[in-house]
>>> print(open('coords_38.txt').read())   # compact mmCIF, C-alpha atoms and all ligand atoms
# COMPACT_ATOMS: atom_id res chain seq x y z
CA MET A 1 -276.88 57.59 -42.20
CA ALA A 2 -278.51 60.70 -40.73
CA SER A 3 -276.22 63.68 -40.20
CA GLU A 4 -275.78 65.20 -36.75
CA GLN A 5 -277.89 68.14 -37.88
CA GLU A 6 -280.74 65.86 -38.99
CA ARG A 7 -280.60 63.97 -35.73
CA GLU A 8 -280.75 67.23 -33.79
CA LEU A 9 -283.84 68.27 -35.77
CA ARG A 10 -285.48 64.93 -34.98
CA ARG A 11 -284.70 65.33 -31.31
CA GLN A 12 -286.20 68.81 -31.29
CA PHE A 13 -289.31 67.56 -33.04
CA PHE A 14 -289.70 64.63 -30.64
CA SER A 15 -289.14 66.93 -27.69
CA GLY A 16 -291.80 69.34 -29.00
CA VAL A 17 -294.33 66.52 -29.33
CA CYS A 18 -293.59 65.40 -25.75
CA SER A 19 -294.05 68.97 -24.47
CA ASN A 20 -297.41 69.26 -26.23
CA LEU A 21 -298.56 65.92 -24.85
CA HIS A 22 -297.43 66.92 -21.38
CA ALA A 23 -299.41 70.16 -21.55
CA ARG A 24 -302.49 68.35 -22.84
CA TYR A 25 -302.52 65.40 -20.44
CA ALA A 26 -301.62 67.46 -17.38
CA ALA A 27 -305.31 68.38 -17.42
CA ASN A 28 -306.35 64.71 -17.20
CA ASP A 29 -307.13 63.91 -13.56
CA GLU A 30 -308.64 60.45 -14.03
CA GLY A 31 -307.51 57.77 -11.58
CA GLU A 32 -306.03 57.87 -8.10
CA PRO A 33 -302.59 57.15 -6.63
CA ALA A 34 -302.22 53.67 -5.13
CA ALA A 35 -303.74 53.65 -1.67
CA TYR A 36 -303.29 50.01 -0.63
CA ILE A 37 -299.71 50.91 0.33
CA PRO A 38 -300.55 53.82 2.71
CA GLU A 39 -297.31 55.70 2.13
CA LEU A 40 -297.89 55.83 -1.64
CA ALA A 41 -301.18 57.65 -1.11
CA GLN A 42 -299.20 60.63 0.26
CA VAL A 43 -297.79 61.54 -3.16
CA ASP A 44 -298.82 64.72 -5.02
CA PRO A 45 -301.21 63.18 -7.61
CA ASP A 46 -300.51 65.89 -10.18
CA LEU A 47 -296.82 65.14 -10.66
CA PHE A 48 -296.15 64.33 -14.29
CA ALA A 49 -293.01 63.77 -16.33
CA ILE A 50 -292.06 62.28 -19.69
CA ALA A 51 -288.50 61.26 -20.62
CA ALA A 52 -286.75 59.50 -23.47
CA VAL A 53 -283.16 58.29 -23.81
CA THR A 54 -281.69 57.03 -27.07
CA ILE A 55 -279.20 54.22 -27.31
CA ASP A 56 -276.52 56.84 -28.00
CA ASP A 57 -277.40 58.58 -24.72
CA HIS A 58 -279.36 61.59 -25.89
CA HIS A 59 -281.95 62.68 -23.36
CA VAL A 60 -285.28 64.40 -23.87
CA GLY A 61 -287.52 65.27 -20.95
CA VAL A 62 -290.41 67.42 -19.82
CA GLY A 63 -292.20 67.97 -16.49
CA ASP A 64 -291.19 66.84 -13.00
CA LEU A 65 -287.91 65.30 -14.10
CA SER A 66 -286.12 65.52 -10.76
CA HIS A 67 -288.91 63.99 -8.68
CA GLN A 68 -287.93 60.64 -7.21
CA PHE A 69 -290.58 57.96 -6.81
CA THR A 70 -290.51 54.27 -5.96
CA ILE A 71 -289.88 51.94 -8.86
CA GLN A 72 -292.38 49.34 -7.57
CA SER A 73 -293.17 46.59 -10.06
CA ILE A 74 -290.75 47.83 -12.69
CA SER A 75 -288.20 46.12 -10.43
CA LYS A 76 -289.77 42.81 -11.48
CA LEU A 77 -288.32 43.14 -14.96
CA LEU A 78 -284.79 43.82 -13.74
CA LEU A 79 -284.90 41.09 -11.09
CA TYR A 80 -286.04 38.64 -13.75
CA GLY A 81 -282.92 39.48 -15.76
CA LEU A 82 -280.73 39.03 -12.69
CA ALA A 83 -282.26 35.62 -11.98
CA LEU A 84 -281.78 34.44 -15.57
CA GLU A 85 -278.17 35.58 -15.58
CA THR A 86 -277.39 34.04 -12.22
CA HIS A 87 -279.26 30.75 -12.50
CA GLY A 88 -280.04 30.17 -16.18
CA ARG A 89 -283.34 29.59 -17.92
CA GLU A 90 -283.94 26.02 -16.78
CA LYS A 91 -283.82 26.73 -13.07
CA VAL A 92 -285.86 29.92 -13.43
CA LEU A 93 -288.51 28.31 -15.66
CA ALA A 94 -288.90 25.48 -13.15
CA ARG A 95 -290.24 28.06 -10.66
CA VAL A 96 -291.79 30.75 -12.84
CA GLY A 97 -293.50 30.36 -16.24
CA VAL A 98 -294.05 32.92 -18.99
CA ALA A 99 -297.84 32.80 -19.46
CA PRO A 100 -299.91 35.98 -19.11
CA THR A 101 -302.58 35.51 -16.46
CA GLY A 102 -305.30 37.98 -17.42
CA ASP A 103 -305.66 38.43 -13.65
CA THR A 104 -304.71 41.33 -11.42
CA PHE A 105 -301.05 41.69 -10.46
CA ASN A 106 -301.62 40.54 -6.87
CA SER A 107 -303.82 37.52 -7.65
CA ILE A 108 -303.33 34.49 -5.48
CA VAL A 109 -302.97 32.15 -8.40
CA LEU A 110 -300.32 29.64 -9.43
CA ASP A 111 -299.69 27.53 -12.51
CA GLU A 112 -301.03 24.30 -11.01
CA HIS A 113 -300.14 22.16 -14.01
CA ASP A 114 -296.42 22.88 -13.67
CA ASN A 115 -296.43 23.86 -9.99
CA ARG A 116 -294.85 27.25 -10.51
CA ALA A 117 -295.75 30.93 -10.50
CA PRO A 118 -297.47 32.03 -13.73
CA ASN A 119 -294.98 34.68 -14.89
CA PRO A 120 -292.32 36.97 -13.39
CA MET A 121 -294.34 40.18 -13.84
CA VAL A 122 -297.12 39.36 -11.35
CA ASN A 123 -296.43 39.38 -7.63
CA ALA A 124 -296.29 35.58 -7.26
CA GLY A 125 -293.63 35.29 -9.96
CA ALA A 126 -291.69 38.28 -8.70
CA ILE A 127 -291.58 36.88 -5.17
CA ALA A 128 -290.38 33.52 -6.52
CA ILE A 129 -287.71 35.36 -8.54
CA THR A 130 -286.71 37.33 -5.44
CA ASP A 131 -286.27 34.06 -3.57
CA LEU A 132 -283.50 33.28 -6.08
CA VAL A 133 -281.42 36.34 -5.12
CA GLU A 134 -278.30 34.90 -3.53
CA GLY A 135 -276.76 35.94 -0.22
CA ASP A 136 -276.29 34.66 3.33
CA GLU A 137 -278.67 37.09 4.94
CA VAL A 138 -281.09 39.79 3.89
CA GLY A 139 -278.51 42.61 4.05
CA ASP A 140 -276.25 40.83 1.52
CA ARG A 141 -279.20 40.18 -0.73
CA VAL A 142 -280.36 43.81 -0.58
CA GLU A 143 -276.84 44.94 -1.54
CA ARG A 144 -276.75 42.48 -4.44
CA VAL A 145 -279.98 43.99 -5.76
CA ARG A 146 -278.78 47.56 -5.20
CA SER A 147 -275.58 46.87 -7.10
CA MET A 148 -277.66 45.49 -9.98
CA TYR A 149 -279.56 48.80 -9.98
CA GLU A 150 -276.26 50.66 -9.86
CA ARG A 151 -275.21 49.14 -13.18
CA TYR A 152 -278.43 50.31 -14.83
CA LEU A 153 -278.61 53.76 -13.21
CA GLY A 154 -274.93 54.67 -13.00
CA ARG A 155 -275.33 55.29 -9.24
CA LEU A 156 -276.22 53.29 -6.15
CA PRO A 157 -279.91 54.09 -5.54
CA GLU A 158 -281.54 54.95 -2.24
CA ILE A 159 -284.42 52.92 -0.87
CA ASP A 160 -287.41 54.91 0.43
CA GLN A 161 -287.47 53.68 4.01
CA ASP A 162 -291.01 54.90 4.67
CA VAL A 163 -292.48 53.10 1.67
CA TRP A 164 -290.46 49.99 2.55
CA ALA A 165 -291.84 50.04 6.10
CA SER A 166 -295.35 50.72 4.80
CA GLU A 167 -295.21 47.69 2.47
CA ARG A 168 -293.79 45.52 5.24
CA ALA A 169 -296.60 46.55 7.57
CA THR A 170 -299.44 46.05 5.10
CA GLY A 171 -298.23 43.44 2.59
CA ASN A 172 -300.24 40.54 3.92
CA ARG A 173 -301.58 39.57 0.53
CA ASN A 174 -298.00 39.14 -0.68
CA ARG A 175 -297.34 37.14 2.47
CA ALA A 176 -300.26 34.86 1.58
CA ILE A 177 -298.87 34.36 -1.94
CA ALA A 178 -295.39 33.64 -0.60
CA TYR A 179 -296.54 31.11 2.01
CA LEU A 180 -298.69 29.36 -0.60
CA MET A 181 -295.57 29.03 -2.74
CA LEU A 182 -293.60 27.73 0.26
CA ASN A 183 -296.32 25.14 0.81
CA GLN A 184 -296.00 24.10 -2.84
CA GLY A 185 -292.22 23.84 -2.65
CA ILE A 186 -291.74 26.64 -5.20
CA ILE A 187 -289.70 28.88 -2.89
CA SER A 188 -287.31 28.25 0.00
CA ASP A 189 -288.26 28.66 3.66
CA ARG A 190 -286.59 32.04 4.20
CA VAL A 191 -289.97 33.55 3.36
CA GLU A 192 -289.98 36.65 5.59
CA GLU A 193 -286.49 37.56 4.43
CA THR A 194 -287.48 37.19 0.78
CA LEU A 195 -290.61 39.28 1.32
CA ASP A 196 -288.53 41.97 3.00
CA LEU A 197 -286.20 42.00 -0.01
CA TYR A 198 -289.17 42.08 -2.38
CA PHE A 199 -290.66 45.10 -0.56
CA GLY A 200 -287.22 46.75 -0.50
CA GLN A 201 -286.55 46.34 -4.21
CA CYS A 202 -289.99 47.84 -4.95
CA SER A 203 -289.10 50.83 -2.73
CA VAL A 204 -285.99 51.82 -4.69
CA LEU A 205 -286.12 55.52 -5.65
CA VAL A 206 -285.78 56.52 -9.30
CA THR A 207 -286.54 59.46 -11.57
CA VAL A 208 -288.34 59.24 -14.89
CA ASP A 209 -285.00 59.76 -16.65
CA ASP A 210 -283.61 56.74 -14.76
CA LEU A 211 -286.47 54.67 -16.13
CA ALA A 212 -285.84 55.87 -19.68
CA LEU A 213 -282.16 55.02 -19.25
CA ILE A 214 -283.09 51.50 -18.12
CA GLY A 215 -285.28 51.26 -21.22
CA ALA A 216 -282.45 52.49 -23.44
CA THR A 217 -280.06 49.88 -21.98
CA LEU A 218 -282.57 47.14 -22.77
CA ALA A 219 -283.17 48.66 -26.22
CA ASN A 220 -279.40 48.48 -26.75
CA HIS A 221 -279.08 44.70 -26.15
CA GLY A 222 -278.09 45.30 -22.54
CA VAL A 223 -275.26 47.76 -23.24
CA HIS A 224 -275.53 50.91 -21.12
CA PRO A 225 -275.71 53.97 -23.42
CA ARG A 226 -273.43 56.06 -21.17
CA THR A 227 -271.00 53.68 -19.51
CA GLY A 228 -270.78 51.21 -22.41
CA GLU A 229 -270.98 48.43 -19.83
CA GLN A 230 -272.76 45.20 -20.74
CA VAL A 231 -275.26 45.47 -17.88
CA VAL A 232 -277.15 42.33 -18.82
CA ARG A 233 -276.52 39.67 -21.48
CA PRO A 234 -278.30 40.08 -24.85
CA ASP A 235 -279.93 36.63 -24.68
CA VAL A 236 -281.32 37.55 -21.25
CA VAL A 237 -282.60 40.90 -22.61
CA ARG A 238 -284.48 38.93 -25.24
CA ASP A 239 -286.29 36.95 -22.55
CA MET A 240 -286.92 40.06 -20.42
CA LEU A 241 -288.47 41.93 -23.33
CA THR A 242 -290.59 38.96 -24.35
CA VAL A 243 -292.29 38.75 -20.95
CA ALA A 244 -292.50 42.55 -20.79
CA LEU A 245 -294.48 42.53 -24.04
CA SER A 246 -296.77 39.67 -23.05
CA CYS A 247 -297.17 40.28 -19.29
CA GLY A 248 -295.64 43.66 -18.34
CA MET A 249 -298.90 45.59 -18.08
CA TYR A 250 -300.77 42.89 -16.12
CA ASP A 251 -304.37 42.31 -17.14
CA TYR A 252 -304.03 45.21 -19.59
CA ALA A 253 -301.09 43.52 -21.37
CA GLY A 254 -303.14 42.37 -24.38
CA GLU A 255 -304.66 45.80 -24.95
CA TRP A 256 -301.25 47.40 -24.50
CA ALA A 257 -299.59 45.07 -27.02
CA TYR A 258 -302.41 45.83 -29.45
CA SER A 259 -302.43 49.59 -29.10
CA VAL A 260 -298.88 50.56 -28.09
CA GLY A 261 -296.97 47.49 -29.22
CA VAL A 262 -293.66 47.82 -27.37
CA PRO A 263 -292.33 45.82 -24.39
CA ALA A 264 -293.10 47.76 -21.23
CA LYS A 265 -293.42 47.55 -17.48
CA SER A 266 -295.48 49.61 -15.07
CA GLY A 267 -295.38 50.14 -11.32
CA VAL A 268 -297.95 51.38 -8.81
CA GLY A 269 -295.59 54.27 -7.99
CA GLY A 270 -296.86 55.73 -11.30
CA GLY A 271 -293.93 54.86 -13.57
CA ILE A 272 -294.08 53.13 -16.94
CA VAL A 273 -291.00 52.26 -18.97
CA GLY A 274 -291.20 51.20 -22.61
CA VAL A 275 -288.43 49.75 -24.78
CA ILE A 276 -288.12 50.55 -28.47
CA PRO A 277 -285.53 47.97 -29.54
CA GLY A 278 -282.56 49.44 -31.36
CA VAL A 279 -283.74 52.99 -30.69
CA GLY A 280 -284.15 53.86 -27.01
CA GLY A 281 -286.21 53.90 -23.85
CA LEU A 282 -289.31 55.96 -23.12
CA ALA A 283 -290.73 56.57 -19.65
CA VAL A 284 -293.65 58.39 -18.06
CA PHE A 285 -294.28 59.14 -14.42
CA SER A 286 -297.70 60.17 -13.15
CA PRO A 287 -299.14 58.67 -9.95
CA ARG A 288 -302.83 58.55 -10.89
CA LEU A 289 -303.59 54.90 -11.69
CA ASP A 290 -306.40 53.10 -13.45
CA GLU A 291 -308.10 49.96 -12.16
CA HIS A 292 -305.26 47.76 -13.48
CA GLY A 293 -302.62 49.67 -11.50
CA ASN A 294 -301.22 51.46 -14.58
CA SER A 295 -300.60 55.22 -14.76
CA VAL A 296 -303.51 56.83 -16.66
CA ARG A 297 -301.48 59.68 -18.15
CA GLY A 298 -298.73 57.18 -18.83
CA LEU A 299 -301.06 55.04 -20.92
CA ARG A 300 -302.41 58.01 -22.86
CA THR A 301 -298.91 59.38 -23.52
CA PHE A 302 -297.56 56.03 -24.73
CA GLU A 303 -300.60 55.44 -26.94
CA GLU A 304 -300.21 58.78 -28.60
CA LEU A 305 -296.44 58.65 -29.04
CA SER A 306 -296.66 55.13 -30.44
CA ALA A 307 -299.28 56.23 -32.98
CA THR A 308 -297.45 59.45 -33.90
CA PHE A 309 -294.04 57.82 -34.38
CA GLY A 310 -295.12 54.38 -35.57
CA MET A 311 -293.47 52.68 -32.61
CA HIS A 312 -295.59 49.51 -32.66
CA LEU A 313 -293.25 46.59 -33.34
CA PHE A 314 -295.52 45.29 -36.10
CA ASP A 315 -296.44 48.62 -37.64
CA PRO A 316 -296.05 48.11 -41.41
CA ASP A 317 -294.80 51.68 -41.71
CA ARG A 318 -292.50 51.37 -38.74
CA PRO A 319 -289.82 53.97 -39.36
CA TRP A 320 -287.67 52.58 -36.50
CA ARG A 321 -285.73 50.43 -38.92
CA ALA A 322 -283.16 47.83 -37.95
CA ASP A 323 -280.44 50.11 -39.28
CA ALA A 324 -281.41 52.71 -36.68
CA ARG A 325 -278.97 51.10 -34.28
CA ALA A 326 -276.12 51.08 -36.76
CA ALA A 327 -276.85 54.69 -37.56
CA GLN A 328 -277.10 55.50 -33.82
CA ALA A 329 -280.25 57.36 -34.79
CA SER A 330 -282.63 59.27 -32.55
CA PRO A 331 -286.39 58.86 -33.00
CA PRO A 332 -287.12 59.74 -36.62
CA MET A 333 -289.93 61.93 -37.81
CA LYS A 334 -292.69 60.07 -39.54
O1 LIG B 401 -296.33 44.05 -4.30
C1 LIG B 401 -296.77 45.19 -4.31
O2 LIG B 401 -297.90 45.40 -3.98
C2 LIG B 401 -295.91 46.38 -4.73
N1 LIG B 401 -294.73 46.47 -3.98
C3 LIG B 401 -295.60 46.32 -6.19
C4 LIG B 401 -296.83 46.26 -7.01
C5 LIG B 401 -296.83 47.00 -8.27
O3 LIG B 401 -296.13 47.95 -8.55
C6 LIG B 401 -297.86 46.56 -9.20
N2 LIG B 401 -297.93 47.50 -10.29
N3 LIG B 401 -298.65 47.99 -10.98
>>> encode(input="coords_38.txt", output="C-alpha cells")
Amino acid sequence: MASEQERELRRQFFSGVCSNLHARYAANDEGEPAAYIPELAQVDPDLFAIAAVTIDDHHVGVGDLSHQFTIQSISKLLLYGLALETHGREKVLARVGVAPTGDTFNSIVLDEHDNRAPNPMVNAGAIAITDLVEGDEVGDRVERVRSMYERYLGRLPEIDQDVWASERATGNRNRAIAYLMLNQGIISDRVEETLDLYFGQCSVLVTVDDLALIGATLANHGVHPRTGEQVVRPDVVRDMLTVALSCGMYDYAGEWAYSVGVPAKSGVGGGIVGVIPGVGGLAVFSPRLDEHGNSVRGLRTFEELSATFGMHLFDPDRPWRADARAAQASPPMK
C-alpha cells in the first residue's frame, strides 16, 4: 500500500500534468458554444477548467474552478440511475433500451422493434426516463430531482432560470420527440410537464469540481467520497457506467471508447465527466463544442490524460489496478 508521502507525490505529479495541459489547450479555440439554446451562446467561450476527485476525496483542479455552468446532458446519466433505483430494470428497459444509435443526440428516432427509446443518453431516452420521475405535479418532481442532485453534490443545486426558460421557449425538437413517444405509448400524457422537468434538470448549475465529485461517487460504487453516503446502489452504478461507456458521448461514443476508454458523459454546457472505476472522477469544462456536441478541449484533455496515465479500461499496462480502491490510492504515476 502506498504511503501518504507517495500518494502526495502522485497527486502533485497529476496536478502538474493537468496544469500543463490546461496551459497548452487554452490556446485551442476550435469549436463554438452551443447556440441552439440561445442563452447558452452567451457564455464566455474561453472558460476552461480541469478537475479530478479521488475516491478518498482528494481534489485536484486548475482553471475556472468556481465558474458555474449548466449540467445539460450529464443529467441524463444521473436520472437514469434514479429511474433504475425507483422502478427497477424491467420497467425501465421496457421504455428505454441500451443500444448506441450512431445518430446525433437529438435525433427523432425510436427503437421500432421494441417500441422504446434507443438508450437513456440521447434525448428520446432521457425524456422517457424523465417521464418516470414520480410526483403529483411538476414542482414535486423538480424537488425530487434536486434532492437526487443534493446527494451527489453535498448541496441543493440552483437551477439557471434563464437557461431553463430559453430551453422551454426553443425546445420544439424535444417536444416533437416527446409527442412521438406519447403517440407510441412509451410515455404518459403529462408531456408538457415532463418536458419542463427535462429542461429544468438540464439547467442545474454545477462547477467542474462538482462533476468530478459525481464521477468519483460512481467510481466508488455509488458511495460518496466525502459524506460516505450510498448515493446510488452498486448494481445501478454498473448499469449507469455501461451505458455511459457505450452511449455517453453520442455519435462519438465508439471513438471515445477506443481512444479514451472510460465511461463518460458530456453536456452541451461544455462539461464532460469521466469515471475511472476504483480510482476517481475526472471532469473538464470548456464551452467550445465540436459537431457532436462534445467539448473540444475536453476531448483533447481526456485523450491526453488517458494516454499519459494508462486510464483506458483495457490498457494492458493499466496501472489503475483493482487494489487501488483497497489502497485508497490517488492516480499513480506511470
Ligand atoms: O435537450 C437538449 O437539447 C439539452 N437540454 C441537453 C442536450 C445536451 O446536453 C446534449 N449534449 N451534448
>>> axis_aligned_box(input="coords_38.txt", around="ligand LIG 401 (chain B)", padding_each_side="6 Å", output="AutoDock Vina command-line options")
--center_x -296.7 --center_y 46.0 --center_z -7.5 --size_x 15.9 --size_y 15.9 --size_z 19.0
>>> residues_around(input="coords_38.txt", residues="range 113-116 of chain A", least_positions_apart="3", cutoff="9 Å", atoms="all atoms listed in the file", output="ChimeraX atom specification")
/A:93-97,110,119,125,128,181,184-186
>>> atom_distance(input="coords_38.txt", atom1="CA of Thr207 in chain A", atom2="CA of Gln68 in chain A")
4.7 Å
>>> residues_near_ligand(input="coords_38.txt", ligand="ligand LIG 401 (chain B)", cutoff="8 Å", atoms="all atoms listed in the file", output="JSON, numbers by chain")
{"A": [36, 37, 71, 72, 73, 74, 105, 106, 122, 123, 167, 171, 174, 198, 199, 202, 203, 249, 250, 266, 267, 268, 269, 270, 292, 293, 294]}
>>> residues_around(input="coords_38.txt", residues="range 134-145 of chain A", least_positions_apart="3", cutoff="12 Å", atoms="all atoms listed in the file", output="CSV table (one decimal) with C-alpha atoms, in the frame of the given file")
chain,number,residue,atom,x,y,z
A,75,SER,CA,-288.2,46.1,-10.4
A,76,LYS,CA,-289.8,42.8,-11.5
A,78,LEU,CA,-284.8,43.8,-13.7
A,79,LEU,CA,-284.9,41.1,-11.1
A,80,TYR,CA,-286.0,38.6,-13.8
A,81,GLY,CA,-282.9,39.5,-15.8
A,82,LEU,CA,-280.7,39.0,-12.7
A,83,ALA,CA,-282.3,35.6,-12.0
A,86,THR,CA,-277.4,34.0,-12.2
A,87,HIS,CA,-279.3,30.8,-12.5
A,129,ILE,CA,-287.7,35.4,-8.5
A,130,THR,CA,-286.7,37.3,-5.4
A,131,ASP,CA,-286.3,34.1,-3.6
A,148,MET,CA,-277.7,45.5,-10.0
A,149,TYR,CA,-279.6,48.8,-10.0
A,150,GLU,CA,-276.3,50.7,-9.9
A,151,ARG,CA,-275.2,49.1,-13.2
A,152,TYR,CA,-278.4,50.3,-14.8
A,156,LEU,CA,-276.2,53.3,-6.2
A,157,PRO,CA,-279.9,54.1,-5.5
A,158,GLU,CA,-281.5,55.0,-2.2
A,159,ILE,CA,-284.4,52.9,-0.9
A,188,SER,CA,-287.3,28.2,0.0
A,190,ARG,CA,-286.6,32.0,4.2
A,191,VAL,CA,-290.0,33.6,3.4
A,192,GLU,CA,-290.0,36.6,5.6
A,193,GLU,CA,-286.5,37.6,4.4
A,194,THR,CA,-287.5,37.2,0.8
A,195,LEU,CA,-290.6,39.3,1.3
A,196,ASP,CA,-288.5,42.0,3.0
A,197,LEU,CA,-286.2,42.0,0.0
A,198,TYR,CA,-289.2,42.1,-2.4
A,199,PHE,CA,-290.7,45.1,-0.6
A,200,GLY,CA,-287.2,46.8,-0.5
A,201,GLN,CA,-286.6,46.3,-4.2
A,202,CYS,CA,-290.0,47.8,-5.0
A,203,SER,CA,-289.1,50.8,-2.7
A,204,VAL,CA,-286.0,51.8,-4.7
>>> closest_atom_pairs(input="coords_38.txt", of="range 54-116 of chain A", to="range 11-23 of chain A", cutoff="8 Å", atoms="all atoms listed in the file", output="tab-separated table")
residue	atom	partner	partner_atom	distance
A:Val60	CA	A:Ser15	CA	6.0
A:Gly61	CA	A:Ser15	CA	7.1
A:Val62	CA	A:Ser19	CA	6.1
A:Gly63	CA	A:His22	CA	7.2
